[in-house]
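Enquirer: Got coords26.cif for you, mmCIF, C-alpha atoms and all ligand atoms:
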```cif
data_input
#
loop_
_atom_site.label_atom_id
_atom_site.label_comp_id
_atom_site.auth_asym_id
_atom_site.auth_seq_id
_atom_site.Cartn_x
_atom_site.Cartn_y
_atom_site.Cartn_z
CA MET A 1 -10.65 13.51 5.92
CA THR A 2 -11.55 10.38 7.82
CA ALA A 3 -11.38 6.77 6.77
CA THR A 4 -15.03 6.10 7.58
CA GLN A 5 -16.19 2.92 5.95
CA THR A 6 -17.70 3.35 2.50
CA ARG A 7 -17.93 0.67 -0.13
CA PRO A 8 -15.61 1.53 -3.02
CA ILE A 9 -17.57 2.41 -6.14
CA THR A 10 -17.60 -0.04 -8.97
CA GLU A 11 -18.11 2.38 -11.84
CA GLU A 12 -15.50 2.40 -14.52
CA GLN A 13 -12.58 4.71 -13.70
CA PRO A 14 -11.16 7.13 -16.28
CA LYS A 15 -8.76 5.49 -18.72
CA LYS A 16 -5.56 6.99 -19.98
CA ALA A 17 -6.01 8.46 -23.44
CA ALA A 18 -3.43 7.91 -26.15
CA ARG A 19 -2.26 11.51 -25.74
CA ALA A 20 -0.09 12.57 -22.82
CA ALA A 21 -2.01 12.97 -19.58
CA VAL A 22 -1.17 13.89 -16.02
CA ASP A 23 -1.86 10.56 -14.41
CA LEU A 24 -2.61 10.94 -10.70
CA ARG A 25 -4.79 7.83 -10.37
CA SER A 26 -2.13 5.88 -8.49
CA ASP A 27 1.61 5.52 -7.93
CA THR A 28 1.29 2.12 -9.65
CA VAL A 29 1.23 3.82 -13.07
CA THR A 30 4.94 4.74 -13.10
CA LYS A 31 7.09 3.53 -15.99
CA PRO A 32 10.51 1.94 -15.38
CA THR A 33 13.42 4.40 -15.65
CA PRO A 34 16.06 4.01 -18.41
CA GLU A 35 18.45 2.67 -15.72
CA MET A 36 15.88 0.02 -14.73
CA ARG A 37 15.33 -0.97 -18.36
CA ARG A 38 19.09 -1.34 -18.89
CA ALA A 39 19.44 -3.43 -15.75
CA MET A 40 16.55 -5.63 -16.89
CA PHE A 41 18.21 -6.14 -20.27
CA GLU A 42 21.48 -7.14 -18.67
CA ALA A 43 20.10 -9.14 -15.72
CA GLU A 44 21.71 -12.45 -14.86
CA VAL A 45 18.92 -15.00 -14.47
CA GLY A 46 18.22 -18.61 -13.49
CA ASP A 47 15.30 -20.74 -12.37
CA ASP A 48 13.99 -19.12 -9.18
CA VAL A 49 11.81 -22.12 -8.28
CA TYR A 50 15.14 -23.98 -7.94
CA GLY A 51 16.54 -20.97 -6.01
CA GLU A 52 18.97 -20.35 -8.89
CA ASP A 53 18.17 -16.82 -10.02
CA PRO A 54 21.14 -14.75 -8.82
CA THR A 55 19.38 -11.41 -9.26
CA ILE A 56 16.33 -12.49 -7.26
CA ASN A 57 18.61 -13.94 -4.59
CA ARG A 58 20.43 -10.59 -4.41
CA LEU A 59 17.17 -8.65 -4.14
CA GLU A 60 15.85 -10.90 -1.38
CA LYS A 61 19.13 -10.63 0.54
CA ARG A 62 19.18 -6.82 0.25
CA ALA A 63 15.54 -6.53 1.33
CA ALA A 64 16.23 -8.65 4.43
CA GLU A 65 19.30 -6.51 5.24
CA ILE A 66 17.48 -3.20 4.78
CA PHE A 67 14.67 -4.36 7.09
CA SER A 68 17.13 -5.98 9.57
CA ARG A 69 15.34 -9.34 9.26
CA GLU A 70 16.51 -12.88 8.58
CA ALA A 71 14.93 -13.39 5.16
CA ALA A 72 12.71 -12.08 2.37
CA ILE A 73 10.91 -13.50 -0.65
CA PHE A 74 10.12 -11.83 -3.97
CA VAL A 75 6.45 -12.07 -4.98
CA PRO A 76 4.73 -10.76 -8.11
CA THR A 77 2.24 -8.51 -6.29
CA GLY A 78 1.55 -6.91 -2.96
CA SER A 79 -1.75 -8.75 -2.77
CA MET A 80 0.03 -12.10 -3.07
CA GLY A 81 2.52 -11.09 -0.37
CA ASN A 82 -0.27 -10.12 2.02
CA GLN A 83 -2.26 -13.26 1.30
CA ILE A 84 0.73 -15.55 1.85
CA ALA A 85 1.38 -13.84 5.20
CA ILE A 86 -2.27 -14.24 6.21
CA LYS A 87 -2.18 -17.94 5.28
CA ILE A 88 0.91 -18.54 7.41
CA HIS A 89 -0.32 -16.60 10.46
CA THR A 90 -3.89 -17.96 10.63
CA GLN A 91 -6.03 -21.10 10.78
CA PRO A 92 -9.29 -21.55 8.81
CA GLY A 93 -12.28 -20.27 10.80
CA GLN A 94 -10.38 -17.42 12.44
CA GLU A 95 -10.91 -13.66 12.30
CA ILE A 96 -8.45 -11.01 11.19
CA VAL A 97 -8.66 -7.59 12.80
CA CYS A 98 -7.81 -4.76 10.41
CA GLU A 99 -8.94 -1.19 9.82
CA GLU A 100 -12.28 -1.08 8.04
CA SER A 101 -10.93 0.52 4.84
CA ALA A 102 -7.80 -1.67 4.75
CA HIS A 103 -6.57 -2.99 1.41
CA ILE A 104 -6.58 -6.64 2.55
CA PHE A 105 -10.30 -6.31 3.35
CA ASN A 106 -11.59 -4.17 0.48
CA TRP A 107 -9.32 -4.74 -2.50
CA GLU A 108 -7.89 -8.24 -2.38
CA MET A 109 -10.85 -10.11 -3.82
CA ALA A 110 -11.87 -11.69 -0.48
CA SER A 111 -8.78 -13.89 -0.87
CA LEU A 112 -8.37 -14.11 2.89
CA ALA A 113 -11.67 -16.03 2.88
CA ALA A 114 -10.99 -18.06 -0.27
CA PHE A 115 -7.36 -18.97 0.45
CA SER A 116 -7.10 -18.89 4.25
CA GLY A 117 -10.72 -19.55 5.29
CA CYS A 118 -10.76 -16.42 7.48
CA MET A 119 -13.01 -13.43 7.79
CA VAL A 120 -12.43 -9.85 8.78
CA ARG A 121 -13.48 -8.21 12.02
CA PRO A 122 -13.15 -4.59 10.86
CA ALA A 123 -11.97 -1.98 13.36
CA ARG A 124 -12.76 1.73 13.19
CA SER A 125 -10.29 4.34 14.36
CA ALA A 126 -11.92 6.34 17.16
CA ALA A 127 -9.87 9.38 16.22
CA GLY A 128 -11.31 9.26 12.67
CA THR A 129 -7.86 9.18 11.12
CA GLY A 130 -7.94 5.66 9.74
CA VAL A 131 -4.93 4.87 11.92
CA LEU A 132 -5.77 2.22 14.51
CA THR A 133 -4.63 2.26 18.12
CA TRP A 134 -4.64 -0.67 20.54
CA ASP A 135 -7.85 0.73 22.09
CA ASP A 136 -9.57 0.48 18.67
CA ILE A 137 -8.24 -3.03 18.08
CA LYS A 138 -8.91 -4.57 21.48
CA LYS A 139 -12.68 -4.07 21.09
CA CYS A 140 -12.53 -6.40 18.07
CA ILE A 141 -10.58 -9.23 19.65
CA ALA A 142 -12.71 -12.28 20.31
CA PRO A 143 -13.26 -13.36 23.91
CA LYS A 144 -11.53 -16.65 24.67
CA ILE A 145 -14.67 -18.78 24.65
CA TYR A 146 -15.01 -21.90 22.52
CA PHE A 147 -18.27 -20.81 20.81
CA ALA A 148 -16.82 -17.55 19.39
CA ALA A 149 -14.63 -17.49 16.29
CA GLN A 150 -11.14 -16.69 17.52
CA THR A 151 -8.93 -13.83 16.43
CA GLY A 152 -5.93 -15.18 14.51
CA LEU A 153 -4.15 -12.04 13.29
CA ILE A 154 -3.94 -8.27 13.50
CA SER A 155 -3.06 -6.61 10.20
CA LEU A 156 -1.92 -2.99 9.99
CA GLU A 157 -1.46 -0.76 6.92
CA ASN A 158 1.28 1.89 6.88
CA THR A 159 0.93 4.17 5.04
CA HIS A 160 -2.81 3.71 4.88
CA ASN A 161 -4.00 4.08 1.30
CA MET A 162 -7.70 4.86 1.78
CA ALA A 163 -6.96 7.03 4.81
CA GLY A 164 -5.09 9.40 2.49
CA GLY A 165 -1.58 7.97 2.91
CA ALA A 166 -1.76 8.31 6.70
CA VAL A 167 1.33 7.37 8.70
CA THR A 168 1.14 5.27 11.86
CA PRO A 169 3.40 6.78 14.55
CA LEU A 170 6.04 4.34 15.81
CA GLU A 171 4.77 4.52 19.42
CA VAL A 172 1.34 3.40 18.18
CA THR A 173 2.80 0.40 16.29
CA GLU A 174 4.91 -0.47 19.36
CA ASP A 175 1.92 -0.29 21.67
CA ILE A 176 -0.24 -2.45 19.37
CA CYS A 177 2.49 -5.07 19.00
CA LYS A 178 3.29 -5.17 22.71
CA ASN A 179 -0.37 -5.78 23.55
CA ALA A 180 -0.83 -8.22 20.66
CA LYS A 181 2.12 -10.23 21.94
CA SER A 182 0.58 -10.39 25.42
CA ALA A 183 -2.64 -11.61 23.79
CA GLY A 184 -0.69 -14.23 21.78
CA LEU A 185 -1.56 -12.61 18.44
CA PRO A 186 0.78 -12.07 15.48
CA VAL A 187 0.87 -8.72 13.69
CA HIS A 188 1.32 -8.43 9.92
CA LEU A 189 2.08 -5.12 8.24
CA ASP A 190 0.75 -4.26 4.81
CA GLY A 191 3.62 -1.88 4.11
CA ALA A 192 2.92 -1.40 0.41
CA ARG A 193 4.14 2.21 0.91
CA ILE A 194 6.35 1.72 3.98
CA PHE A 195 9.19 3.72 2.40
CA ASN A 196 6.82 6.70 2.15
CA ALA A 197 6.07 6.28 5.85
CA ALA A 198 9.77 6.09 6.71
CA VAL A 199 10.53 9.28 4.75
CA ALA A 200 7.62 11.13 6.40
CA MET A 201 8.78 9.97 9.85
CA GLY A 202 12.48 10.63 9.24
CA LYS A 203 13.31 7.07 10.31
CA THR A 204 14.50 3.89 8.60
CA VAL A 205 12.10 1.17 7.45
CA ALA A 206 13.91 -1.22 9.84
CA GLU A 207 13.13 1.06 12.80
CA ILE A 208 9.47 1.60 12.01
CA THR A 209 8.74 -2.07 11.24
CA LYS A 210 10.75 -3.62 14.10
CA PRO A 211 7.74 -4.45 16.30
CA VAL A 212 5.70 -6.41 13.68
CA ASP A 213 6.06 -10.09 12.84
CA SER A 214 5.95 -9.84 9.03
CA ILE A 215 6.06 -7.07 6.46
CA MET A 216 4.96 -6.86 2.85
CA PHE A 217 6.26 -3.92 0.84
CA CYS A 218 5.87 -3.00 -2.83
CA LEU A 219 8.56 -2.09 -5.35
CA SER A 220 5.93 -1.28 -7.94
CA LYS A 221 4.35 1.77 -6.28
CA GLY A 222 6.25 4.90 -5.26
CA LEU A 223 9.59 3.13 -5.82
CA GLY A 224 8.83 2.91 -9.53
CA ALA A 225 9.63 -0.73 -10.42
CA PRO A 226 7.38 -2.24 -13.08
CA VAL A 227 6.50 -5.38 -11.07
CA GLY A 228 7.08 -6.90 -7.68
CA SER A 229 6.82 -6.86 -3.91
CA LEU A 230 8.66 -8.53 -1.07
CA LEU A 231 7.52 -10.35 2.01
CA VAL A 232 9.98 -10.02 4.90
CA GLY A 233 10.23 -11.94 8.17
CA ASP A 234 12.19 -14.64 9.97
CA LYS A 235 13.74 -17.63 8.19
CA LYS A 236 11.05 -20.13 9.13
CA PHE A 237 8.28 -17.75 8.02
CA ILE A 238 9.91 -17.17 4.64
CA GLU A 239 10.47 -20.92 4.13
CA LYS A 240 6.71 -21.41 4.55
CA ALA A 241 6.07 -18.40 2.29
CA ARG A 242 8.00 -20.16 -0.50
CA ILE A 243 5.58 -23.09 -0.34
CA TYR A 244 2.46 -20.89 -0.46
CA ARG A 245 3.91 -18.66 -3.18
CA LYS A 246 4.27 -21.76 -5.33
CA ALA A 247 0.75 -22.91 -4.40
CA LEU A 248 -0.60 -19.58 -5.64
CA GLY A 249 1.29 -19.83 -8.92
CA GLY A 250 3.86 -17.22 -7.91
CA GLY A 251 7.02 -19.22 -8.71
CA MET A 252 8.24 -17.12 -11.63
CA ARG A 253 11.37 -18.87 -12.99
CA GLN A 254 13.73 -16.34 -14.70
CA ALA A 255 12.17 -13.37 -12.96
CA GLY A 256 15.59 -11.86 -12.27
CA ILE A 257 14.63 -9.60 -15.16
CA LEU A 258 12.06 -8.07 -12.81
CA ALA A 259 14.28 -8.22 -9.73
CA ALA A 260 16.95 -6.20 -11.58
CA ALA A 261 14.56 -3.25 -11.81
CA GLY A 262 13.46 -3.98 -8.24
CA LEU A 263 17.02 -3.65 -6.94
CA ILE A 264 17.29 -0.16 -8.40
CA ALA A 265 13.89 0.72 -6.95
CA LEU A 266 14.99 -0.50 -3.53
CA GLU A 267 18.43 1.10 -3.47
CA LYS A 268 17.85 4.40 -5.23
CA MET A 269 14.23 5.45 -5.25
CA PRO A 270 13.49 6.00 -1.53
CA ALA A 271 15.81 9.04 -1.71
CA ARG A 272 13.38 10.90 -4.00
CA LEU A 273 10.05 10.14 -2.25
CA HIS A 274 10.15 13.47 -0.38
CA GLU A 275 9.51 15.16 -3.76
CA ASP A 276 6.22 13.24 -4.12
CA HIS A 277 5.24 14.26 -0.59
CA ALA A 278 5.96 17.93 -1.33
CA ASN A 279 3.92 17.71 -4.54
CA ALA A 280 1.02 16.10 -2.66
CA LYS A 281 1.11 18.93 -0.09
CA PHE A 282 1.19 21.48 -2.92
CA LEU A 283 -1.85 19.86 -4.55
CA ALA A 284 -3.69 19.59 -1.22
CA GLU A 285 -3.10 23.26 -0.37
CA GLY A 286 -4.51 24.32 -3.73
CA ILE A 287 -7.48 21.94 -3.63
CA ALA A 288 -8.47 22.76 -0.02
CA ASN A 289 -9.34 26.35 -1.05
CA LEU A 290 -11.75 25.32 -3.81
CA PRO A 291 -15.53 25.56 -3.30
CA GLY A 292 -17.34 22.35 -2.35
CA VAL A 293 -14.21 20.56 -1.21
CA LYS A 294 -13.50 19.26 2.28
CA LEU A 295 -9.83 18.56 2.86
CA ASP A 296 -7.70 18.87 5.98
CA VAL A 297 -4.26 19.68 4.58
CA SER A 298 -2.57 18.74 7.85
CA ARG A 299 -3.64 15.12 7.23
CA VAL A 300 -1.66 14.94 3.97
CA GLN A 301 1.56 13.37 5.21
CA THR A 302 2.82 11.41 2.20
CA ASN A 303 1.93 11.04 -1.51
CA ILE A 304 -1.84 10.55 -1.34
CA VAL A 305 -4.48 13.29 -1.31
CA ILE A 306 -8.08 12.22 -0.73
CA PHE A 307 -10.77 14.86 -0.48
CA GLU A 308 -14.51 14.88 0.05
CA LEU A 309 -16.59 16.51 -2.66
CA ASP A 310 -19.54 18.22 -1.02
CA ARG A 311 -21.58 19.23 -4.11
CA LYS A 312 -25.17 18.40 -5.01
CA ASP A 313 -24.46 18.89 -8.73
CA MET A 314 -21.40 16.66 -9.00
CA ALA A 315 -20.48 13.17 -7.82
CA ALA A 316 -16.83 12.17 -7.41
CA SER A 317 -17.04 10.13 -10.61
CA ASP A 318 -18.36 13.23 -12.49
CA LEU A 319 -15.36 15.22 -11.31
CA ALA A 320 -12.99 12.42 -12.33
CA ARG A 321 -14.64 12.33 -15.77
CA LYS A 322 -14.44 16.12 -16.21
CA LEU A 323 -10.78 16.05 -15.18
CA GLY A 324 -10.20 13.24 -17.67
CA GLU A 325 -11.60 15.44 -20.44
CA LYS A 326 -8.79 17.86 -19.56
CA ASP A 327 -6.18 15.06 -19.61
CA ILE A 328 -5.90 14.94 -15.81
CA LEU A 329 -6.53 11.49 -14.41
CA ALA A 330 -7.71 10.97 -10.82
CA SER A 331 -9.68 8.20 -9.07
CA ALA A 332 -13.14 8.42 -7.55
CA THR A 333 -12.69 6.13 -4.54
CA THR A 334 -16.29 6.46 -3.27
CA PRO A 335 -19.34 8.34 -4.60
CA THR A 336 -18.10 11.48 -2.79
CA ARG A 337 -14.32 11.05 -2.60
CA VAL A 338 -11.57 11.72 -5.09
CA ARG A 339 -7.98 10.56 -4.77
CA PHE A 340 -4.83 12.05 -6.26
CA VAL A 341 -1.57 10.13 -5.88
CA THR A 342 1.77 11.76 -6.67
CA HIS A 343 4.73 9.78 -7.99
CA MET A 344 7.96 10.05 -9.97
CA ASP A 345 6.20 10.56 -13.32
CA VAL A 346 4.35 13.72 -12.20
CA ASP A 347 6.46 16.77 -11.44
CA ARG A 348 5.46 20.14 -9.94
CA GLU A 349 4.46 21.49 -13.35
CA ALA A 350 2.11 18.53 -13.89
CA CYS A 351 0.60 19.13 -10.43
CA SER A 352 0.05 22.81 -11.35
CA LEU A 353 -1.80 21.67 -14.48
CA ALA A 354 -3.98 19.40 -12.34
CA LEU A 355 -4.74 22.27 -9.96
CA GLY A 356 -5.61 24.55 -12.87
CA ALA A 357 -8.07 21.95 -14.18
CA MET A 358 -9.61 21.56 -10.71
CA ARG A 359 -10.05 25.34 -10.46
CA SER A 360 -11.71 25.63 -13.83
CA ILE A 361 -14.16 22.78 -13.04
CA LEU A 362 -15.06 23.69 -9.45
CA ASN A 363 -15.00 27.50 -9.49
C1 LIG B 401 -2.05 -0.57 0.81
C2 LIG B 401 -1.93 -1.55 -0.31
N1 LIG B 401 -1.66 -2.83 -0.04
C3 LIG B 401 -1.54 -3.76 -1.00
C4 LIG B 401 -1.69 -3.42 -2.32
C5 LIG B 401 -1.61 -4.51 -3.35
O1 LIG B 401 -0.59 -4.37 -4.25
P1 LIG B 401 -0.70 -5.07 -5.70
O2 LIG B 401 -1.49 -4.14 -6.55
O3 LIG B 401 0.73 -5.19 -6.11
O4 LIG B 401 -1.36 -6.38 -5.52
C6 LIG B 401 -1.98 -2.09 -2.67
C7 LIG B 401 -2.17 -1.71 -4.07
O5 LIG B 401 -2.56 -0.61 -4.40
C8 LIG B 401 -2.11 -1.14 -1.63
O6 LIG B 401 -2.41 0.14 -1.89
#
```
Would you put the structure from the file into structure tokens?
Expert:
Amino acid sequence: MTATQTRPITEEQPKKAARAAVDLRSDTVTKPTPEMRRAMFEAEVGDDVYGEDPTINRLEKRAAEIFSREAAIFVPTGSMGNQIAIKIHTQPGQEIVCEESAHIFNWEMASLAAFSGCMVRPARSAAGTGVLTWDDIKKCIAPKIYFAAQTGLISLENTHNMAGGAVTPLEVTEDICKNAKSAGLPVHLDGARIFNAAVAMGKTVAEITKPVDSIMFCLSKGLGAPVGSLLVGDKKFIEKARIYRKALGGGMRQAGILAAAGLIALEKMPARLHEDHANAKFLAEGIANLPGVKLDVSRVQTNIVIFELDRKDMAASDLARKLGEKDILASATTPTRVRFVTHMDVDREACSLALGAMRSILN
């Protein structure tokens, strides 16, 4: 599985039927746990635009502590967190270097152009893993001449969604950041699934994010919160982030109701992510043996399984539709690729059902 550039398909994806389904489209589909719902009900709240929501303040403080940084800010979505970071790090007319299938480039509505006036200089990983090295990035950095648009930012993604949940080794992040610093370039990390990366690496999120300048991470993916992400960095950066969050309409008033669920996601849910990784491996091992499928199981490191469907008689969207008819939901991410994402609302039995459906369709 490589992260070679392909435009994501625009066809309608399968929708969840009223009846129970095994939903492997994304880890964003999780429902809040009973403990989260109770905490939301009981949350102490205030006006967060005035800095008076005690639950949001607690969440931001805990996020900063866990990442060993000065400050953090709660934002409604990962996209907003990334876009605020891009706005702070760049000037209009600059380029952002990121991997060619990165979320900020392909799935954030060209906001980096609309909001920050930047464009992307996409980088391809020479190793075909979707994980960039400094050698891949340096080819994309603009020469320091006045008639070339200048590079303003390097943005990394760990784990990398469209590269099948790939993890960036710490030495690679360190090397990129060391060289970026020498070149005078900031590095932002789209760490929507950084806790998955930390679990796969057996390290803390503070350790694996230490070299970067800013981090966005999501509570609403594998950690199971209904809403919310955090942007983490130094105090000055987060002060600016507060201004741009408001500009984007992200000042949410009594959103301590959301932060209450987020606190449980942050404190308790990383401890169970290894189960999702084991389920993804289980799925990958079963899928790799099916006819017309190309999947390198050794590349499945976290909770995302992306495989290439090599069949003349079936596009990825046909397979997703056929799975949907059997109450198994998956995403066709390109005309030939299908993605399964494991999460807390699919257990081993649900994954076995998904494998059974795959066998009956592809055999
Ligand atoms: C890698 C990555 N970054 C950012 C986001 C954006 O998160 P949100 O959907 O909360 O805007 C996603 C969402 O799937 C993602 O996968």
Enquirer: List all protein, DNA and RNA residues that have any atom at most 6 Å from ligand LIG 401 (chain B), counting only C-alpha atoms and all ligand atoms, and write the list as number ranges by chain.
Expert: A: 77-79, 103, 160-161, 190, 192
Enquirer: Could you write those residues out with C-alpha atoms, as a PDB file, in the frame of the given file?
Expert:
```pdb
ATOM      1  CA  THR A  77       2.240  -8.510  -6.290  1.00  0.00           C
ATOM      2  CA  GLY A  78       1.550  -6.910  -2.960  1.00  0.00           C
ATOM      3  CA  SER A  79      -1.750  -8.750  -2.770  1.00  0.00           C
ATOM      4  CA  HIS A 103      -6.570  -2.990   1.410  1.00  0.00           C
ATOM      5  CA  HIS A 160      -2.810   3.710   4.880  1.00  0.00           C
ATOM      6  CA  ASN A 161      -4.000   4.080   1.300  1.00  0.00           C
ATOM      7  CA  ASP A 190       0.750  -4.260   4.810  1.00  0.00           C
ATOM      8  CA  ALA A 192       2.920  -1.400   0.410  1.00  0.00           C
TER       9      ALA A 192
END
```
Enquirer: Kindly indicate which residue among A:Met358, A:Ile176, A:Leu273, A:Val338 lies nearest to A:Val212, using all atoms listed in the file for the distances.
Expert: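 Of all the options, A:Ile176 lies closest to A:Val212.
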Enquirer: Which residue out of A:Ile66, A:Ile264, A:Ala110, A:Val346 has the minimum interatomic distance to A:Val205 when only C-alpha atoms are used?
Expert: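 The closest residue to A:Val205 is A:Ile66.
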Enquirer: Interatomic distance between atom CA of A:Ala166 and atom CA of A:Leu323?
Expert: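 If I compute the distance from atom CA of A:Ala166 to atom CA of A:Leu323, I get 24.9 Å.
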Enquirer: Record the distance separating atom CA of A:Gly262 and atom CA of A:Gly202, expressed in Å with one decimal.
Expert: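 Value for the atom CA of A:Gly262-atom CA of A:Gly202 distance: 22.8 Å.
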Enquirer: So what do you get for atom CA of A:Asn57 versus atom CA of A:Val199, distance-wise?
Expert: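 So the two atoms, atom CA of A:Asn57 and atom CA of A:Val199, lie 26.3 Å apart.
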Enquirer: Which residue is closest to A:Glu60? Choose from A:Asn179, A:Glu99, A:Gly233, A:Arg348 and count only C-alpha atoms.
Expert: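 Nearest candidate to A:Glu60 out of A:Asn179, A:Glu99, A:Gly233, A:Arg348: A:Gly233.
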Enquirer: Let me make sure I understand: among A:Pro32, A:Pro291, A:Gly130, A:Gly81, which one has the smallest atom-to-atom distance to A:Glu157 if we use only C-alpha atoms?
Expert: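 So, comparing all the options, the nearest one is A:Gly130.
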Enquirer: With distances taken over only C-alpha atoms, which of A:Glu325, A:Leu263, A:Ala200, A:Ile88 is nearest to A:Arg62?
Expert: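 Of A:Glu325, A:Leu263, A:Ala200, A:Ile88, the one nearest A:Arg62, counting only C-alpha atoms, is A:Leu263.
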Enquirer: Would you compute an axis-aligned box for stretch 34-39 of chain A, covering every atom listed for it in the file with 8 Å of margin on each side, and report centre and edge lengths in Å to one decimal as lines of an AutoDock Vina configuration file?
Expert:
```
center_x = 17.4
center_y = 0.3
center_z = -16.8
size_x = 20.1
size_y = 23.4
size_z = 20.2
```
